[in-house]
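Asker: My structure is below; once you've seen it, I'll send some questions.
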Amino acid sequence: MLIHPDRLFPAEPATREVARRLYAEIRDLPIISPHGHTDPRWYAENEAFPDPAALFVIPDHYIFRMLYSQGVRLEELGIPTKDGSAVERDPRTIWRRFAAHYHLFRGTPTRAWLDHTFATLFGFAERLSAANADFYYDRIAEALRQPEFRPRALFERFRIEAIATTESPLDPLKHHEAIRQSGWRGRVVTAYRPDPVVDPDFEGFRQNLARFGEITGCDTFSWNGYLEAHRKRRAFFREFGATATDHGHPTAQTADLSRADAEALFRRVSTRHATPEDAELFRAQMLTEMAAMSLEDGMVMQIHPGSSRNHNAALFGRFGRDMGADIPSRTDYVRALKPLLDRFGNERNFTLILFTLDETSYSRELAPLAGHYPALKLGPAWWFFDAPEGMRRFRELTTETAGFYNTVGFNDDTRAYLSIPARHDMARRVDCAFLAGLVATHRLDEDEAHEVAYDLAYRLAKEAYKL
């Protein structure tokens, strides 16, 4: 078998039996995917995916970052360059190169997701390798030509109840408009990701501000007009189902400046190249401003700091953002979040969901914070925490202090559409294994474990994100 029915379950027989019983009750629950990065064009146009390489390799930095680390050039994998220079165009060649390096993924969550997808969607029983690369390619290519492999059909096959894409305030949301006009009943919502007009270090920041003003009709080079532009775009995003904002800041730093100081800071960052100190302070202030707006309009706020983004300057210059070079960095949450929490941490009508790459902070800082402040929840996914050992560590590091109900279930952070069921299945199995251990050691009754398993797989994410 390519995938074992007891994968990720405990080895001890009695505990494994408990995990099996828990999993059997939740394995087929609908998927809530409130923090994703799939392309809304897929659902709007509902066109067939072109080929296996375009579906699996080219859009997925989990795959090509590993190959790049072993000396495979991104051009050889068909990754588009910023200047349009030549890259490999033959999808079969790209696929063969990927298959020849499949051994690199041994022991990784990427391997588990891929094997799950290959087995459950395409019926493969033999592991991918250079020897069977063409067999794999031909079977997948043939399947992709069938109606049941169109994006909307897969949406229904995957039992996706709701999925969020992520767009910037500069996006016209034309694909979301097309979805709405089509009459299709699948629930695809957007999420408001304001980084291009909030982060002074974002490429083209001042040009982005100008475009922001053109879109909204606001004077986005004045502090009042800039804030009003955000309110207008947030309202526009809510028309297309948005229930959440999403903020990818390098740190968790927040600030609560006086109005005069905030205006002066905005003048500096919007009219000239910002110093590193001004850029950090402006991002910090804008997290607090976004929290204030969330309290006004009810949108859930997500922050995922602790990432040194686009760390590989050469790849960023040649290929752009999201090339798999987001590297974890140490983050201070207790002091960094205090200005925001002083204002909004006790608000019961405001929800702040925290993700991080710095897993050492969970037991030391984040679980105690979430275990106290009503506004704060923990999002157990994003890189470390969409891997089985990371998921297990997350439960171990947070449950004793924050419990299960100060977390928001599982959130798949994916650009790879076909990996969504695999990621949720992995999370459900890991959570059932963890709960089975609590039952086996008499820290939780099995009826309670069944309730918690349901909540982690479905209810908590649905309720936290107001879906």
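All residue names refer to the structure tokens as shown: chains lettered A, B, ... in order, residues numbered from 1 in each chain, ligands numbered from 1 in order.
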Counting only C-alpha atoms, what is within 6 Å of region 325-339 of chain A, bar same-chain residues fewer than 4 positions away, as a ChimeraX atom specification?

Answerer: /A:252-256,306-312,357-358

Asker: Store the residues picked out above, limited to C-alpha atoms, as an mmCIF file, in the first residue's frame.

Answerer:
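The result, stored in result-v6.cif:
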data_model
loop_
_atom_site.group_PDB
_atom_site.id
_atom_site.type_symbol
_atom_site.label_atom_id
_atom_site.label_comp_id
_atom_site.auth_asym_id
_atom_site.auth_seq_id
_atom_site.Cartn_x
_atom_site.Cartn_y
_atom_site.Cartn_z
ATOM 1 C CA ALA A 252 4.707 40.802 16.514
ATOM 2 C CA GLN A 253 5.520 44.357 17.566
ATOM 3 C CA THR A 254 2.479 46.549 18.223
ATOM 4 C CA ALA A 255 2.230 50.231 19.174
ATOM 5 C CA ASP A 256 -0.428 52.643 20.377
ATOM 6 C CA GLY A 306 8.302 35.329 13.173
ATOM 7 C CA SER A 307 9.342 34.903 9.539
ATOM 8 C CA SER A 308 12.290 36.456 7.797
ATOM 9 C CA ARG A 309 10.595 36.609 4.420
ATOM 10 C CA ASN A 310 12.321 36.229 1.064
ATOM 11 C CA HIS A 311 15.596 35.533 2.870
ATOM 12 C CA ASN A 312 17.341 34.475 -0.354
ATOM 13 C CA LEU A 357 7.067 29.823 12.875
ATOM 14 C CA ASP A 358 8.825 30.145 16.242
#

Asker: From a DSSP pass on the backbone, collect the residues of region 3-239 of chain A flagged as alpha helix (DSSP H) and hand them back as a VMD selection string.

Answerer: chain A and resid 13 to 26 40 to 45 52 61 to 69 91 to 100 109 to 122 133 to 144 151 to 157 174 to 182 195 to 198 205 to 216 223 to 239

Asker: Find the residues around Thr245 (chain A) up to 6 Å (only C-alpha atoms counted), leave out those fewer than 4 positions away in its own chain, and share them as a PyMOL selection string.

Answerer: chain A and resi 191-193+301-302

Asker: Determine the nearest neighbour of Ala436 (chain A) from the options A:Leu22, A:Ala11, A:Ala131, A:Ala44, counting only C-alpha atoms.

Answerer: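 Result for the nearest residue to Ala436 (chain A): A:Leu22.
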
Asker: In Å, rounded to a single decimal, give me how far CA of Leu121 (chain A) is from CA of Asp51 (chain A).

Answerer: 15.0 Å

Asker: Got a sec: who's within 12 Å of Phe202 (chain A), counting only C-alpha atoms, leaving out chain neighbours fewer than 6 positions off, as number ranges by chain?

Answerer: A: 194-196, 208-209, 248-250, 269, 273-274, 279-280, 283, 309-310, 320-321

Asker: Would you write out those residues with C-alpha atoms, as a PDB file, in the first residue's frame?

Answerer:
ATOM      1  CA  PRO A 194      -3.090  44.613   3.564  1.00  0.00           C
ATOM      2  CA  ASP A 195       0.688  44.049   3.635  1.00  0.00           C
ATOM      3  CA  PRO A 196       1.404  45.876   0.323  1.00  0.00           C
ATOM      4  CA  ASN A 208       0.856  51.004  -3.848  1.00  0.00           C
ATOM      5  CA  LEU A 209      -0.409  53.870  -1.703  1.00  0.00           C
ATOM      6  CA  GLY A 248       2.300  38.792   7.644  1.00  0.00           C
ATOM      7  CA  HIS A 249       4.588  41.065   9.665  1.00  0.00           C
ATOM      8  CA  PRO A 250       8.223  40.198  10.399  1.00  0.00           C
ATOM      9  CA  VAL A 269       6.964  56.586   5.695  1.00  0.00           C
ATOM     10  CA  HIS A 273      12.297  55.992   2.155  1.00  0.00           C
ATOM     11  CA  ALA A 274      11.520  54.812   5.662  1.00  0.00           C
ATOM     12  CA  ALA A 279       9.109  50.952   9.142  1.00  0.00           C
ATOM     13  CA  GLU A 280       8.900  48.699  12.205  1.00  0.00           C
ATOM     14  CA  ARG A 283       3.819  48.190  11.036  1.00  0.00           C
ATOM     15  CA  ARG A 309      10.595  36.609   4.420  1.00  0.00           C
ATOM     16  CA  ASN A 310      12.321  36.229   1.064  1.00  0.00           C
ATOM     17  CA  GLY A 320       9.863  37.351  -6.669  1.00  0.00           C
ATOM     18  CA  ARG A 321       8.070  36.506  -3.458  1.00  0.00           C
TER      19      ARG A 321
END

Asker: Tell me, as a PDB file with C-alpha atoms, in the first residue's frame, which residues lie within 8 Å of region 60-76 of chain A, counting only C-alpha atoms; anything in the same chain fewer than 4 positions away does not count.

Answerer:
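Saved as out-v9.pdb:
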ATOM      1  CA  PHE A  56       1.884  19.745  -8.335  1.00  0.00           C
ATOM      2  CA  PRO A  80       8.483  31.765 -13.928  1.00  0.00           C
ATOM      3  CA  THR A  81      11.061  34.537 -13.654  1.00  0.00           C
ATOM      4  CA  ALA A  86      13.722  31.290 -20.393  1.00  0.00           C
ATOM      5  CA  VAL A  87      12.730  28.444 -18.079  1.00  0.00           C
ATOM      6  CA  GLU A  88      11.857  24.810 -18.746  1.00  0.00           C
ATOM      7  CA  ILE A  94       9.693  18.946 -15.179  1.00  0.00           C
ATOM      8  CA  PHE A  98      10.641  15.940  -9.737  1.00  0.00           C
ATOM      9  CA  HIS A 101      14.296  13.540  -6.732  1.00  0.00           C
ATOM     10  CA  LEU A 104      14.432  13.826  -0.995  1.00  0.00           C
ATOM     11  CA  PHE A 105      11.010  14.007   0.617  1.00  0.00           C
ATOM     12  CA  THR A 110       5.167  16.896   1.885  1.00  0.00           C
ATOM     13  CA  ASP A 322       7.144  33.134  -1.960  1.00  0.00           C
ATOM     14  CA  MET A 323      10.018  31.062  -3.254  1.00  0.00           C
ATOM     15  CA  GLY A 324      10.276  28.942  -0.120  1.00  0.00           C
ATOM     16  CA  ALA A 325      12.824  31.223   1.570  1.00  0.00           C
ATOM     17  CA  ARG A 415      -1.367  26.898  -2.450  1.00  0.00           C
ATOM     18  CA  ALA A 416      -1.579  23.274  -3.595  1.00  0.00           C
TER      19      ALA A 416
END

Asker: Please provide as a list in words all residues within 6 Å of Val408 (chain A), with the sequence filter that same-chain residues fewer than 2 positions apart are discarded (counting only C-alpha atoms).

Answerer: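 The residues that qualify are Gly379, Leu460 and Ala461 of chain A.
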
Asker: I need the residues from that last selection saved to file as a PDB file, in the first residue's frame (with N, CA and C atoms), if you can.

Answerer:
ATOM      1  N   GLY A 379      -3.617  29.670  16.427  1.00  0.00           N
ATOM      2  CA  GLY A 379      -3.874  28.956  15.186  1.00  0.00           C
ATOM      3  C   GLY A 379      -2.827  27.882  14.974  1.00  0.00           C
ATOM      4  N   LEU A 460     -14.351  24.328  15.850  1.00  0.00           N
ATOM      5  CA  LEU A 460     -13.594  25.479  16.331  1.00  0.00           C
ATOM      6  C   LEU A 460     -13.222  26.431  15.198  1.00  0.00           C
ATOM      7  N   ALA A 461     -12.768  25.910  14.080  1.00  0.00           N
ATOM      8  CA  ALA A 461     -12.425  26.776  12.954  1.00  0.00           C
ATOM      9  C   ALA A 461     -13.655  27.469  12.397  1.00  0.00           C
TER      10      ALA A 461
END

Asker: Run DSSP on the backbone and grab whatever in region 11-181 of chain A lands in strand (DSSP E or B); send it over as a ChimeraX atom specification.

Answerer: /A:31-33,160-164,167

Asker: Separation of CA of Arg96 (chain A) and CA of Ala313 (chain A), in Å?

Answerer: 28.4 Å

Asker: Calculated over only C-alpha atoms, which of the candidates A:Arg89, A:Arg259, A:Arg185, A:His247 has the smallest distance to Asp199 (chain A)?

Answerer: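 Residue with the minimum atom-to-atom distance to Asp199 (chain A): A:His247.
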
Asker: Pick the closest to Leu128 (chain A) from A:Pro147, A:Leu2, A:Val197, A:Phe205: which is it, counting only C-alpha atoms?

Answerer: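 Among A:Pro147, A:Leu2, A:Val197, A:Phe205, it is A:Leu2 that comes nearest to Leu128 (chain A).
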
Asker: Fewer than 2 positions away in the same chain doesn't count, so skip those; otherwise give me all residues within 9 Å of Lys462 (chain A), counting only C-alpha atoms, as a compact mmCIF listing (two decimals) with C-alpha atoms, in the first residue's frame.

Answerer:
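The resulting file, around-v9.txt, is shown below:
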# COMPACT_ATOMS: atom_id res chain seq x y z
CA ILE A 32 -13.29 24.34 6.82
CA SER A 33 -10.30 26.04 5.16
CA PRO A 34 -10.23 29.65 6.42
CA ALA A 162 -15.90 26.90 3.00
CA VAL A 408 -9.01 27.35 16.45
CA GLY A 409 -8.76 23.81 15.11
CA TYR A 458 -14.58 21.14 12.39
CA ARG A 459 -16.38 23.28 14.94
CA LEU A 460 -13.59 25.48 16.33
CA ALA A 464 -13.66 31.26 15.20
CA TYR A 465 -13.76 32.47 11.61
CA LYS A 466 -17.52 33.09 11.66
CA LEU A 467 -18.08 30.70 8.76

Asker: For each of A:Arg157, A:Gln207, A:Thr93, A:Glu448, take the minimum atom-to-atom distance to Phe221 (chain A), counting only C-alpha atoms, then give the residue where this is smallest.

Answerer: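 Nearest candidate to Phe221 (chain A) out of A:Arg157, A:Gln207, A:Thr93, A:Glu448: A:Gln207.
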
Asker: Can you tell me how far CA of Leu435 (chain A) sits from CA of Val452 (chain A), in Å to one decimal?

Answerer: 8.1 Å

Asker: Considering only C-alpha atoms, state which residue in the set A:Ile58, A:Leu352, A:Cys218, A:Leu341 is at the smallest distance from Gly298 (chain A).

Answerer: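 Ranking A:Ile58, A:Leu352, A:Cys218, A:Leu341 by distance to Gly298 (chain A), first place goes to A:Leu352.
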